[in-house]
file my_file00.cif (mmCIF, N, CA and C atoms and all ligand atoms)
data_data
#
loop_
_atom_site.label_atom_id
_atom_site.label_comp_id
_atom_site.auth_asym_id
_atom_site.auth_seq_id
_atom_site.Cartn_x
_atom_site.Cartn_y
_atom_site.Cartn_z
N MET A 1 -186.77 42.00 12.53
CA MET A 1 -186.95 43.19 11.71
C MET A 1 -187.82 44.19 12.49
N GLN A 2 -187.36 45.42 12.59
CA GLN A 2 -188.09 46.45 13.31
C GLN A 2 -189.24 46.97 12.47
N GLN A 3 -190.40 47.05 13.07
CA GLN A 3 -191.57 47.54 12.36
C GLN A 3 -191.63 49.05 12.45
N ASN A 4 -191.88 49.69 11.31
CA ASN A 4 -192.03 51.15 11.29
C ASN A 4 -193.42 51.49 11.78
N ARG A 5 -193.52 52.15 12.93
CA ARG A 5 -194.82 52.49 13.50
C ARG A 5 -195.36 53.80 12.96
N ASN A 6 -194.55 54.55 12.24
CA ASN A 6 -195.00 55.81 11.67
C ASN A 6 -195.88 55.52 10.46
N PRO A 7 -197.17 55.90 10.50
CA PRO A 7 -198.04 55.60 9.36
C PRO A 7 -197.76 56.47 8.15
N TYR A 8 -196.96 57.49 8.32
CA TYR A 8 -196.65 58.39 7.21
C TYR A 8 -195.17 58.26 6.87
N PRO A 9 -194.85 57.86 5.68
CA PRO A 9 -193.44 57.66 5.34
C PRO A 9 -192.76 59.01 5.08
N ILE A 10 -192.65 59.83 6.12
CA ILE A 10 -192.12 61.18 5.95
C ILE A 10 -190.65 61.26 6.31
N ARG A 11 -190.01 60.13 6.53
CA ARG A 11 -188.59 60.19 6.86
C ARG A 11 -187.78 60.74 5.70
N ILE A 12 -188.31 60.71 4.48
CA ILE A 12 -187.58 61.27 3.35
C ILE A 12 -187.54 62.80 3.44
N LEU A 13 -188.45 63.39 4.21
CA LEU A 13 -188.41 64.82 4.44
C LEU A 13 -187.54 65.05 5.68
N SER A 14 -186.28 64.77 5.55
CA SER A 14 -185.41 64.79 6.72
C SER A 14 -184.92 66.18 7.08
N HIS A 15 -184.92 67.10 6.12
CA HIS A 15 -184.46 68.46 6.37
C HIS A 15 -185.50 69.46 5.89
N CYS A 16 -185.64 70.54 6.65
CA CYS A 16 -186.50 71.62 6.20
C CYS A 16 -185.87 72.25 4.96
N PRO A 17 -186.59 72.39 3.86
CA PRO A 17 -186.02 73.00 2.67
C PRO A 17 -185.76 74.50 2.83
N LEU A 18 -186.32 75.11 3.85
CA LEU A 18 -186.14 76.54 4.05
C LEU A 18 -184.93 76.86 4.92
N CYS A 19 -184.76 76.15 6.03
CA CYS A 19 -183.67 76.47 6.95
C CYS A 19 -182.67 75.32 7.12
N GLN A 20 -182.92 74.22 6.46
CA GLN A 20 -182.04 73.04 6.46
C GLN A 20 -181.94 72.36 7.83
N THR A 21 -182.79 72.74 8.77
CA THR A 21 -182.79 72.09 10.07
C THR A 21 -183.37 70.69 9.93
N ASP A 22 -182.80 69.75 10.69
CA ASP A 22 -183.37 68.40 10.70
C ASP A 22 -184.80 68.47 11.21
N PHE A 23 -185.70 67.88 10.46
CA PHE A 23 -187.09 67.84 10.90
C PHE A 23 -187.22 66.92 12.08
N LYS A 24 -188.00 67.33 13.03
CA LYS A 24 -188.41 66.46 14.13
C LYS A 24 -189.92 66.44 14.09
N VAL A 25 -190.42 65.79 13.07
CA VAL A 25 -191.86 65.76 12.85
C VAL A 25 -192.46 64.65 13.69
N SER A 26 -193.20 65.03 14.67
CA SER A 26 -193.83 64.02 15.52
C SER A 26 -195.34 64.02 15.37
N ASN A 27 -195.87 65.10 14.86
CA ASN A 27 -197.31 65.20 14.78
C ASN A 27 -197.74 65.96 13.53
N PRO A 28 -197.52 65.38 12.35
CA PRO A 28 -197.99 66.07 11.15
C PRO A 28 -199.51 66.09 11.15
N SER A 29 -200.06 67.15 10.61
CA SER A 29 -201.52 67.29 10.56
C SER A 29 -202.03 66.71 9.27
N VAL A 30 -202.94 65.77 9.36
CA VAL A 30 -203.56 65.19 8.18
C VAL A 30 -204.71 66.09 7.77
N ILE A 31 -204.59 66.67 6.59
CA ILE A 31 -205.61 67.58 6.09
C ILE A 31 -206.74 66.80 5.43
N GLU A 32 -206.34 65.80 4.68
CA GLU A 32 -207.34 64.99 3.98
C GLU A 32 -206.80 63.57 3.85
N GLU A 33 -207.69 62.63 3.94
CA GLU A 33 -207.27 61.24 3.89
C GLU A 33 -208.17 60.48 2.94
N ARG A 34 -207.54 59.72 2.07
CA ARG A 34 -208.29 58.82 1.19
C ARG A 34 -207.71 57.42 1.36
N VAL A 35 -208.21 56.47 0.60
CA VAL A 35 -207.82 55.07 0.80
C VAL A 35 -206.31 54.89 0.76
N ASN A 36 -205.66 55.36 -0.27
CA ASN A 36 -204.23 55.15 -0.41
C ASN A 36 -203.44 56.46 -0.42
N ALA A 37 -204.01 57.51 0.13
CA ALA A 37 -203.31 58.79 0.10
C ALA A 37 -203.67 59.66 1.29
N LYS A 38 -202.70 60.43 1.72
CA LYS A 38 -202.94 61.39 2.79
C LYS A 38 -202.30 62.71 2.37
N LEU A 39 -203.03 63.79 2.60
CA LEU A 39 -202.50 65.13 2.39
C LEU A 39 -202.14 65.66 3.76
N ILE A 40 -200.87 65.93 3.97
CA ILE A 40 -200.42 66.32 5.30
C ILE A 40 -199.78 67.70 5.28
N TYR A 41 -199.83 68.34 6.42
CA TYR A 41 -199.28 69.68 6.62
C TYR A 41 -198.23 69.58 7.71
N ILE A 42 -197.04 70.04 7.39
CA ILE A 42 -195.91 69.94 8.31
C ILE A 42 -195.36 71.34 8.55
N THR A 43 -195.14 71.67 9.80
CA THR A 43 -194.55 72.95 10.16
C THR A 43 -193.17 72.71 10.74
N CYS A 44 -192.19 73.47 10.30
CA CYS A 44 -190.83 73.37 10.82
C CYS A 44 -190.79 74.08 12.18
N ALA A 45 -190.31 73.37 13.17
CA ALA A 45 -190.24 73.95 14.52
C ALA A 45 -189.21 75.07 14.59
N GLN A 46 -188.22 75.06 13.72
CA GLN A 46 -187.16 76.06 13.78
C GLN A 46 -187.58 77.37 13.12
N CYS A 47 -188.05 77.32 11.87
CA CYS A 47 -188.32 78.56 11.12
C CYS A 47 -189.82 78.82 10.94
N ARG A 48 -190.66 77.89 11.37
CA ARG A 48 -192.11 77.99 11.24
C ARG A 48 -192.58 77.94 9.79
N GLY A 49 -191.68 77.59 8.88
CA GLY A 49 -192.08 77.37 7.49
C GLY A 49 -192.98 76.14 7.41
N ALA A 50 -193.73 76.04 6.36
CA ALA A 50 -194.68 74.94 6.24
C ALA A 50 -194.54 74.22 4.91
N LEU A 51 -194.87 72.97 4.95
CA LEU A 51 -194.89 72.12 3.77
C LEU A 51 -196.25 71.45 3.68
N VAL A 52 -196.72 71.29 2.48
CA VAL A 52 -197.87 70.44 2.23
C VAL A 52 -197.36 69.27 1.42
N ALA A 53 -197.63 68.08 1.89
CA ALA A 53 -197.13 66.89 1.20
C ALA A 53 -198.28 65.92 0.94
N LEU A 54 -198.24 65.35 -0.24
CA LEU A 54 -199.16 64.27 -0.58
C LEU A 54 -198.37 62.99 -0.45
N VAL A 55 -198.80 62.14 0.43
CA VAL A 55 -198.17 60.84 0.63
C VAL A 55 -199.15 59.80 0.12
N TYR A 56 -198.68 58.96 -0.80
CA TYR A 56 -199.61 58.01 -1.39
C TYR A 56 -198.91 56.69 -1.67
N ILE A 57 -199.73 55.69 -1.83
CA ILE A 57 -199.25 54.35 -2.12
C ILE A 57 -199.83 53.95 -3.48
N ASP A 58 -198.94 53.53 -4.36
CA ASP A 58 -199.40 53.01 -5.64
C ASP A 58 -198.68 51.70 -5.93
N ALA A 59 -198.74 51.24 -7.15
CA ALA A 59 -198.15 49.95 -7.50
C ALA A 59 -196.64 49.93 -7.28
N HIS A 60 -196.00 51.08 -7.19
CA HIS A 60 -194.55 51.15 -7.02
C HIS A 60 -194.13 51.29 -5.56
N GLY A 61 -195.09 51.40 -4.67
CA GLY A 61 -194.79 51.56 -3.25
C GLY A 61 -195.27 52.89 -2.74
N SER A 62 -194.69 53.33 -1.63
CA SER A 62 -195.12 54.62 -1.07
C SER A 62 -194.28 55.73 -1.67
N ASN A 63 -194.93 56.83 -1.93
CA ASN A 63 -194.31 57.99 -2.56
C ASN A 63 -194.80 59.25 -1.86
N SER A 64 -194.07 60.33 -2.04
CA SER A 64 -194.55 61.61 -1.53
C SER A 64 -194.08 62.73 -2.44
N VAL A 65 -194.92 63.73 -2.49
CA VAL A 65 -194.62 64.95 -3.22
C VAL A 65 -194.95 66.10 -2.28
N GLY A 66 -194.00 66.98 -2.07
CA GLY A 66 -194.23 68.07 -1.15
C GLY A 66 -193.92 69.41 -1.78
N VAL A 67 -194.50 70.44 -1.20
CA VAL A 67 -194.26 71.79 -1.67
C VAL A 67 -194.23 72.73 -0.46
N VAL A 68 -193.29 73.66 -0.49
CA VAL A 68 -193.23 74.70 0.54
C VAL A 68 -194.41 75.62 0.31
N THR A 69 -195.04 76.04 1.40
CA THR A 69 -196.22 76.90 1.26
C THR A 69 -196.22 78.00 2.31
N ASP A 70 -196.85 79.09 1.98
CA ASP A 70 -197.09 80.12 2.99
C ASP A 70 -198.56 80.11 3.42
N LEU A 71 -199.28 79.10 2.98
CA LEU A 71 -200.67 78.96 3.38
C LEU A 71 -200.76 78.47 4.82
N ALA A 72 -201.75 78.96 5.55
CA ALA A 72 -202.08 78.38 6.84
C ALA A 72 -202.80 77.05 6.57
N ILE A 73 -202.81 76.21 7.55
CA ILE A 73 -203.43 74.90 7.35
C ILE A 73 -204.89 75.02 6.93
N SER A 74 -205.58 76.03 7.45
CA SER A 74 -207.00 76.21 7.12
C SER A 74 -207.22 76.69 5.69
N GLU A 75 -206.16 77.16 5.04
CA GLU A 75 -206.29 77.69 3.68
C GLU A 75 -205.98 76.65 2.60
N VAL A 76 -205.43 75.52 2.98
CA VAL A 76 -204.97 74.55 1.98
C VAL A 76 -206.13 73.99 1.17
N LEU A 77 -207.15 73.48 1.82
CA LEU A 77 -208.25 72.87 1.07
C LEU A 77 -209.02 73.87 0.22
N PRO A 78 -209.32 75.09 0.72
CA PRO A 78 -209.99 76.05 -0.16
C PRO A 78 -209.17 76.38 -1.42
N PHE A 79 -207.84 76.46 -1.27
CA PHE A 79 -207.01 76.73 -2.45
C PHE A 79 -206.96 75.53 -3.38
N ARG A 80 -206.98 74.34 -2.82
CA ARG A 80 -206.96 73.14 -3.66
C ARG A 80 -208.20 73.10 -4.54
N ASP A 81 -209.32 73.55 -4.01
CA ASP A 81 -210.57 73.50 -4.76
C ASP A 81 -210.82 74.74 -5.62
N ALA A 82 -209.91 75.70 -5.55
CA ALA A 82 -210.08 76.92 -6.34
C ALA A 82 -209.78 76.65 -7.81
N ASP A 83 -210.29 77.54 -8.65
CA ASP A 83 -210.00 77.43 -10.08
C ASP A 83 -208.51 77.65 -10.32
N ALA A 84 -208.00 77.06 -11.37
CA ALA A 84 -206.61 77.27 -11.75
C ALA A 84 -206.41 78.73 -12.16
N ILE A 85 -205.21 79.23 -11.98
CA ILE A 85 -204.89 80.60 -12.39
C ILE A 85 -204.84 80.64 -13.91
N SER A 86 -205.56 81.58 -14.49
CA SER A 86 -205.61 81.69 -15.94
C SER A 86 -204.63 82.77 -16.40
N ILE A 87 -204.42 82.83 -17.68
CA ILE A 87 -203.56 83.88 -18.25
C ILE A 87 -204.20 85.25 -18.02
N ASP A 88 -205.53 85.31 -18.03
CA ASP A 88 -206.22 86.57 -17.75
C ASP A 88 -205.94 87.03 -16.31
N ASP A 89 -205.88 86.09 -15.37
CA ASP A 89 -205.54 86.44 -13.99
C ASP A 89 -204.14 87.04 -13.91
N VAL A 90 -203.22 86.44 -14.63
CA VAL A 90 -201.83 86.92 -14.61
C VAL A 90 -201.76 88.32 -15.23
N LEU A 91 -202.45 88.51 -16.34
CA LEU A 91 -202.46 89.82 -16.99
C LEU A 91 -203.11 90.88 -16.09
N PHE A 92 -204.17 90.50 -15.40
CA PHE A 92 -204.83 91.43 -14.49
C PHE A 92 -203.87 91.90 -13.40
N VAL A 93 -203.15 90.97 -12.81
CA VAL A 93 -202.19 91.34 -11.75
C VAL A 93 -201.09 92.19 -12.34
N HIS A 94 -200.57 91.81 -13.48
CA HIS A 94 -199.50 92.59 -14.13
C HIS A 94 -199.95 94.01 -14.40
N GLU A 95 -201.12 94.15 -15.00
CA GLU A 95 -201.61 95.49 -15.32
C GLU A 95 -201.92 96.29 -14.05
N SER A 96 -202.43 95.63 -13.04
CA SER A 96 -202.72 96.32 -11.79
C SER A 96 -201.45 96.84 -11.14
N LEU A 97 -200.40 96.06 -11.17
CA LEU A 97 -199.13 96.47 -10.56
C LEU A 97 -198.45 97.60 -11.34
N HIS A 98 -198.66 97.60 -12.66
CA HIS A 98 -197.98 98.60 -13.49
C HIS A 98 -198.82 99.85 -13.75
N SER A 99 -200.05 99.88 -13.25
CA SER A 99 -200.89 101.06 -13.48
C SER A 99 -200.79 102.05 -12.34
N ARG A 100 -199.95 101.76 -11.37
CA ARG A 100 -199.82 102.66 -10.20
C ARG A 100 -198.86 103.78 -10.50
ZN ZN B 1 -187.24 75.34 8.73
#

call {"tool": "encode", "arguments": {"input": "my_file00.cif", "output": "structure tokens"}}
result
Amino acid sequence: MQQNRNPYPIRILSHCPLCQTDFKVSNPSVIEERVNAKLIYITCAQCRGALVALVYIDAHGSNSVGVVTDLAISEVLPFRDADAISIDDVLFVHESLHSR
């Protein structure tokens, strides 16, 4: 049996969701690491689009959840720790855009 040497089970991210190019992820950046979870940042070599994925292990095995982002890698953690967007924030942006 061949042992998987990749510590990140990212083979399920086989295609870039933006340009559909096959991912050739050889060096994902680990943004944060905990005991059973890693937050990783992946950049598509073809379109330069980026994904942030949470890869974790729980009682059901290894899992991942990813999202396409326009954040730079240095912006991910500050946004993660930011307050959630409130309805007042949404109204402020709406009113600002419509008051021009
Ligand atoms: Zn791409």

call {"tool": "residues_around", "arguments": {"input": "my_file00.cif", "residues": "A:Ile31", "least_positions_apart": "4", "cutoff": "12 Å", "atoms": "only C-alpha atoms", "output": "PDB file with N, CA and C atoms, keeping the file's coordinate frame"}}
result
ATOM      1  N   ALA A  37    -204.010  57.510   0.130  1.00  0.00           N
ATOM      2  CA  ALA A  37    -203.310  58.790   0.100  1.00  0.00           C
ATOM      3  C   ALA A  37    -203.670  59.660   1.290  1.00  0.00           C
ATOM      4  N   LYS A  38    -202.700  60.430   1.720  1.00  0.00           N
ATOM      5  CA  LYS A  38    -202.940  61.390   2.790  1.00  0.00           C
ATOM      6  C   LYS A  38    -202.300  62.710   2.370  1.00  0.00           C
ATOM      7  N   LEU A  39    -203.030  63.790   2.600  1.00  0.00           N
ATOM      8  CA  LEU A  39    -202.500  65.130   2.390  1.00  0.00           C
ATOM      9  C   LEU A  39    -202.140  65.660   3.760  1.00  0.00           C
ATOM     10  N   ILE A  40    -200.870  65.930   3.970  1.00  0.00           N
ATOM     11  CA  ILE A  40    -200.420  66.320   5.300  1.00  0.00           C
ATOM     12  C   ILE A  40    -199.780  67.700   5.280  1.00  0.00           C
ATOM     13  N   TYR A  41    -199.830  68.340   6.420  1.00  0.00           N
ATOM     14  CA  TYR A  41    -199.280  69.680   6.620  1.00  0.00           C
ATOM     15  C   TYR A  41    -198.230  69.580   7.710  1.00  0.00           C
ATOM     16  N   ILE A  42    -197.040  70.040   7.390  1.00  0.00           N
ATOM     17  CA  ILE A  42    -195.910  69.940   8.310  1.00  0.00           C
ATOM     18  C   ILE A  42    -195.360  71.340   8.550  1.00  0.00           C
ATOM     19  N   LEU A  51    -194.870  72.970   4.950  1.00  0.00           N
ATOM     20  CA  LEU A  51    -194.890  72.120   3.770  1.00  0.00           C
ATOM     21  C   LEU A  51    -196.250  71.450   3.680  1.00  0.00           C
ATOM     22  N   VAL A  52    -196.720  71.290   2.480  1.00  0.00           N
ATOM     23  CA  VAL A  52    -197.870  70.440   2.230  1.00  0.00           C
ATOM     24  C   VAL A  52    -197.360  69.270   1.420  1.00  0.00           C
ATOM     25  N   ALA A  53    -197.630  68.080   1.890  1.00  0.00           N
ATOM     26  CA  ALA A  53    -197.130  66.890   1.200  1.00  0.00           C
ATOM     27  C   ALA A  53    -198.280  65.920   0.940  1.00  0.00           C
ATOM     28  N   LEU A  54    -198.240  65.350  -0.240  1.00  0.00           N
ATOM     29  CA  LEU A  54    -199.160  64.270  -0.580  1.00  0.00           C
ATOM     30  C   LEU A  54    -198.370  62.990  -0.450  1.00  0.00           C
ATOM     31  N   VAL A  55    -198.800  62.140   0.430  1.00  0.00           N
ATOM     32  CA  VAL A  55    -198.170  60.840   0.630  1.00  0.00           C
ATOM     33  C   VAL A  55    -199.150  59.800   0.120  1.00  0.00           C
ATOM     34  N   ALA A  72    -201.750  78.960   5.550  1.00  0.00           N
ATOM     35  CA  ALA A  72    -202.080  78.380   6.840  1.00  0.00           C
ATOM     36  C   ALA A  72    -202.800  77.050   6.570  1.00  0.00           C
ATOM     37  N   ILE A  73    -202.810  76.210   7.550  1.00  0.00           N
ATOM     38  CA  ILE A  73    -203.430  74.900   7.350  1.00  0.00           C
ATOM     39  C   ILE A  73    -204.890  75.020   6.930  1.00  0.00           C
ATOM     40  N   SER A  74    -205.580  76.030   7.450  1.00  0.00           N
ATOM     41  CA  SER A  74    -207.000  76.210   7.120  1.00  0.00           C
ATOM     42  C   SER A  74    -207.220  76.690   5.690  1.00  0.00           C
ATOM     43  N   GLU A  75    -206.160  77.160   5.040  1.00  0.00           N
ATOM     44  CA  GLU A  75    -206.290  77.690   3.680  1.00  0.00           C
ATOM     45  C   GLU A  75    -205.980  76.650   2.600  1.00  0.00           C
ATOM     46  N   VAL A  76    -205.430  75.520   2.980  1.00  0.00           N
ATOM     47  CA  VAL A  76    -204.970  74.550   1.980  1.00  0.00           C
ATOM     48  C   VAL A  76    -206.130  73.990   1.170  1.00  0.00           C
ATOM     49  N   LEU A  77    -207.150  73.480   1.820  1.00  0.00           N
ATOM     50  CA  LEU A  77    -208.250  72.870   1.070  1.00  0.00           C
ATOM     51  C   LEU A  77    -209.020  73.870   0.220  1.00  0.00           C
ATOM     52  N   PRO A  78    -209.320  75.090   0.720  1.00  0.00           N
ATOM     53  CA  PRO A  78    -209.990  76.050  -0.160  1.00  0.00           C
ATOM     54  C   PRO A  78    -209.170  76.380  -1.420  1.00  0.00           C
ATOM     55  N   ARG A  80    -206.980  74.340  -2.820  1.00  0.00           N
ATOM     56  CA  ARG A  80    -206.960  73.140  -3.660  1.00  0.00           C
ATOM     57  C   ARG A  80    -208.200  73.100  -4.540  1.00  0.00           C
TER      58      ARG A  80
END

call {"tool": "atom_distance", "arguments": {"input": "my_file00.cif", "atom1": "atom N of A:Cys19", "atom2": "atom N of A:Gly66"}}
result
15.3 Å

call {"tool": "closest_atom_pairs", "arguments": {"input": "my_file00.cif", "of": "chain A", "to": "ligand ZN 1 (chain B)", "cutoff": "12 Å", "atoms": "only C-alpha atoms and all ligand atoms", "output": "CSV"}}
result
residue,atom,partner,partner_atom,distance
A:Leu13,CA,B:ZN1,ZN,11.4
A:Ser14,CA,B:ZN1,ZN,10.9
A:His15,CA,B:ZN1,ZN,7.8
A:Cys16,CA,B:ZN1,ZN,4.6
A:Pro17,CA,B:ZN1,ZN,6.6
A:Leu18,CA,B:ZN1,ZN,5.0
A:Cys19,CA,B:ZN1,ZN,4.1
A:Gln20,CA,B:ZN1,ZN,6.1
A:Thr21,CA,B:ZN1,ZN,5.7
A:Asp22,CA,B:ZN1,ZN,8.2
A:Phe23,CA,B:ZN1,ZN,7.8
A:Lys24,CA,B:ZN1,ZN,10.5
A:Val25,CA,B:ZN1,ZN,11.4
A:Ile42,CA,B:ZN1,ZN,10.2
A:Thr43,CA,B:ZN1,ZN,7.8
A:Cys44,CA,B:ZN1,ZN,4.6
A:Ala45,CA,B:ZN1,ZN,6.7
A:Gln46,CA,B:ZN1,ZN,5.1
A:Cys47,CA,B:ZN1,ZN,4.2
A:Arg48,CA,B:ZN1,ZN,6.1
A:Gly49,CA,B:ZN1,ZN,5.4
A:Ala50,CA,B:ZN1,ZN,7.9
A:Leu51,CA,B:ZN1,ZN,9.7
A:Val68,CA,B:ZN1,ZN,10.2
A:Thr69,CA,B:ZN1,ZN,11.8

call {"tool": "select_by_dssp", "arguments": {"input": "my_file00.cif", "residues": "chain A", "states": "strand (DSSP E)", "output": "PyMOL selection string"}}
result
chain A and resi 29-34+37-43+50-58+61-69

call {"tool": "write_last_selection", "arguments": {"input": "my_file00.cif", "atoms": "N, CA and C atoms", "output": "mmCIF file, in the coordinates of the input"}}
result
data_model
loop_
_atom_site.group_PDB
_atom_site.id
_atom_site.type_symbol
_atom_site.label_atom_id
_atom_site.label_comp_id
_atom_site.auth_asym_id
_atom_site.auth_seq_id
_atom_site.Cartn_x
_atom_site.Cartn_y
_atom_site.Cartn_z
ATOM 1 N N SER A 29 -200.060 67.150 10.610
ATOM 2 C CA SER A 29 -201.520 67.290 10.560
ATOM 3 C C SER A 29 -202.030 66.710 9.270
ATOM 4 N N VAL A 30 -202.940 65.770 9.360
ATOM 5 C CA VAL A 30 -203.560 65.190 8.180
ATOM 6 C C VAL A 30 -204.710 66.090 7.770
ATOM 7 N N ILE A 31 -204.590 66.670 6.590
ATOM 8 C CA ILE A 31 -205.610 67.580 6.090
ATOM 9 C C ILE A 31 -206.740 66.800 5.430
ATOM 10 N N GLU A 32 -206.340 65.800 4.680
ATOM 11 C CA GLU A 32 -207.340 64.990 3.980
ATOM 12 C C GLU A 32 -206.800 63.570 3.850
ATOM 13 N N GLU A 33 -207.690 62.630 3.940
ATOM 14 C CA GLU A 33 -207.270 61.240 3.890
ATOM 15 C C GLU A 33 -208.170 60.480 2.940
ATOM 16 N N ARG A 34 -207.540 59.720 2.070
ATOM 17 C CA ARG A 34 -208.290 58.820 1.190
ATOM 18 C C ARG A 34 -207.710 57.420 1.360
ATOM 19 N N ALA A 37 -204.010 57.510 0.130
ATOM 20 C CA ALA A 37 -203.310 58.790 0.100
ATOM 21 C C ALA A 37 -203.670 59.660 1.290
ATOM 22 N N LYS A 38 -202.700 60.430 1.720
ATOM 23 C CA LYS A 38 -202.940 61.390 2.790
ATOM 24 C C LYS A 38 -202.300 62.710 2.370
ATOM 25 N N LEU A 39 -203.030 63.790 2.600
ATOM 26 C CA LEU A 39 -202.500 65.130 2.390
ATOM 27 C C LEU A 39 -202.140 65.660 3.760
ATOM 28 N N ILE A 40 -200.870 65.930 3.970
ATOM 29 C CA ILE A 40 -200.420 66.320 5.300
ATOM 30 C C ILE A 40 -199.780 67.700 5.280
ATOM 31 N N TYR A 41 -199.830 68.340 6.420
ATOM 32 C CA TYR A 41 -199.280 69.680 6.620
ATOM 33 C C TYR A 41 -198.230 69.580 7.710
ATOM 34 N N ILE A 42 -197.040 70.040 7.390
ATOM 35 C CA ILE A 42 -195.910 69.940 8.310
ATOM 36 C C ILE A 42 -195.360 71.340 8.550
ATOM 37 N N THR A 43 -195.140 71.670 9.800
ATOM 38 C CA THR A 43 -194.550 72.950 10.160
ATOM 39 C C THR A 43 -193.170 72.710 10.740
ATOM 40 N N ALA A 50 -193.730 76.040 6.360
ATOM 41 C CA ALA A 50 -194.680 74.940 6.240
ATOM 42 C C ALA A 50 -194.540 74.220 4.910
ATOM 43 N N LEU A 51 -194.870 72.970 4.950
ATOM 44 C CA LEU A 51 -194.890 72.120 3.770
ATOM 45 C C LEU A 51 -196.250 71.450 3.680
ATOM 46 N N VAL A 52 -196.720 71.290 2.480
ATOM 47 C CA VAL A 52 -197.870 70.440 2.230
ATOM 48 C C VAL A 52 -197.360 69.270 1.420
ATOM 49 N N ALA A 53 -197.630 68.080 1.890
ATOM 50 C CA ALA A 53 -197.130 66.890 1.200
ATOM 51 C C ALA A 53 -198.280 65.920 0.940
ATOM 52 N N LEU A 54 -198.240 65.350 -0.240
ATOM 53 C CA LEU A 54 -199.160 64.270 -0.580
ATOM 54 C C LEU A 54 -198.370 62.990 -0.450
ATOM 55 N N VAL A 55 -198.800 62.140 0.430
ATOM 56 C CA VAL A 55 -198.170 60.840 0.630
ATOM 57 C C VAL A 55 -199.150 59.800 0.120
ATOM 58 N N TYR A 56 -198.680 58.960 -0.800
ATOM 59 C CA TYR A 56 -199.610 58.010 -1.390
ATOM 60 C C TYR A 56 -198.910 56.690 -1.670
ATOM 61 N N ILE A 57 -199.730 55.690 -1.830
ATOM 62 C CA ILE A 57 -199.250 54.350 -2.120
ATOM 63 C C ILE A 57 -199.830 53.950 -3.480
ATOM 64 N N ASP A 58 -198.940 53.530 -4.360
ATOM 65 C CA ASP A 58 -199.400 53.010 -5.640
ATOM 66 C C ASP A 58 -198.680 51.700 -5.930
ATOM 67 N N GLY A 61 -195.090 51.400 -4.670
ATOM 68 C CA GLY A 61 -194.790 51.560 -3.250
ATOM 69 C C GLY A 61 -195.270 52.890 -2.740
ATOM 70 N N SER A 62 -194.690 53.330 -1.630
ATOM 71 C CA SER A 62 -195.120 54.620 -1.070
ATOM 72 C C SER A 62 -194.280 55.730 -1.670
ATOM 73 N N ASN A 63 -194.930 56.830 -1.930
ATOM 74 C CA ASN A 63 -194.310 57.990 -2.560
ATOM 75 C C ASN A 63 -194.800 59.250 -1.860
ATOM 76 N N SER A 64 -194.070 60.330 -2.040
ATOM 77 C CA SER A 64 -194.550 61.610 -1.530
ATOM 78 C C SER A 64 -194.080 62.730 -2.440
ATOM 79 N N VAL A 65 -194.920 63.730 -2.490
ATOM 80 C CA VAL A 65 -194.620 64.950 -3.220
ATOM 81 C C VAL A 65 -194.950 66.100 -2.280
ATOM 82 N N GLY A 66 -194.000 66.980 -2.070
ATOM 83 C CA GLY A 66 -194.230 68.070 -1.150
ATOM 84 C C GLY A 66 -193.920 69.410 -1.780
ATOM 85 N N VAL A 67 -194.500 70.440 -1.200
ATOM 86 C CA VAL A 67 -194.260 71.790 -1.670
ATOM 87 C C VAL A 67 -194.230 72.730 -0.460
ATOM 88 N N VAL A 68 -193.290 73.660 -0.490
ATOM 89 C CA VAL A 68 -193.230 74.700 0.540
ATOM 90 C C VAL A 68 -194.410 75.620 0.310
ATOM 91 N N THR A 69 -195.040 76.040 1.400
ATOM 92 C CA THR A 69 -196.220 76.900 1.260
ATOM 93 C C THR A 69 -196.220 78.000 2.310
#

call {"tool": "axis_aligned_box", "arguments": {"input": "my_file00.cif", "around": "stretch 58-72 of chain A", "padding_each_side": "4 Å", "output": "AutoDock Vina command-line options"}}
result
--center_x -198.0 --center_y 65.0 --center_z -0.3 --size_x 17.6 --size_y 38.2 --size_z 22.3

call {"tool": "atom_distance", "arguments": {"input": "my_file00.cif", "atom1": "atom C of A:Val35", "atom2": "atom N of A:Ala84"}}
result
25.3 Å

call {"tool": "atom_distance", "arguments": {"input": "my_file00.cif", "atom1": "atom CA of A:Leu71", "atom2": "atom CA of A:Ser86"}}
result
20.1 Å
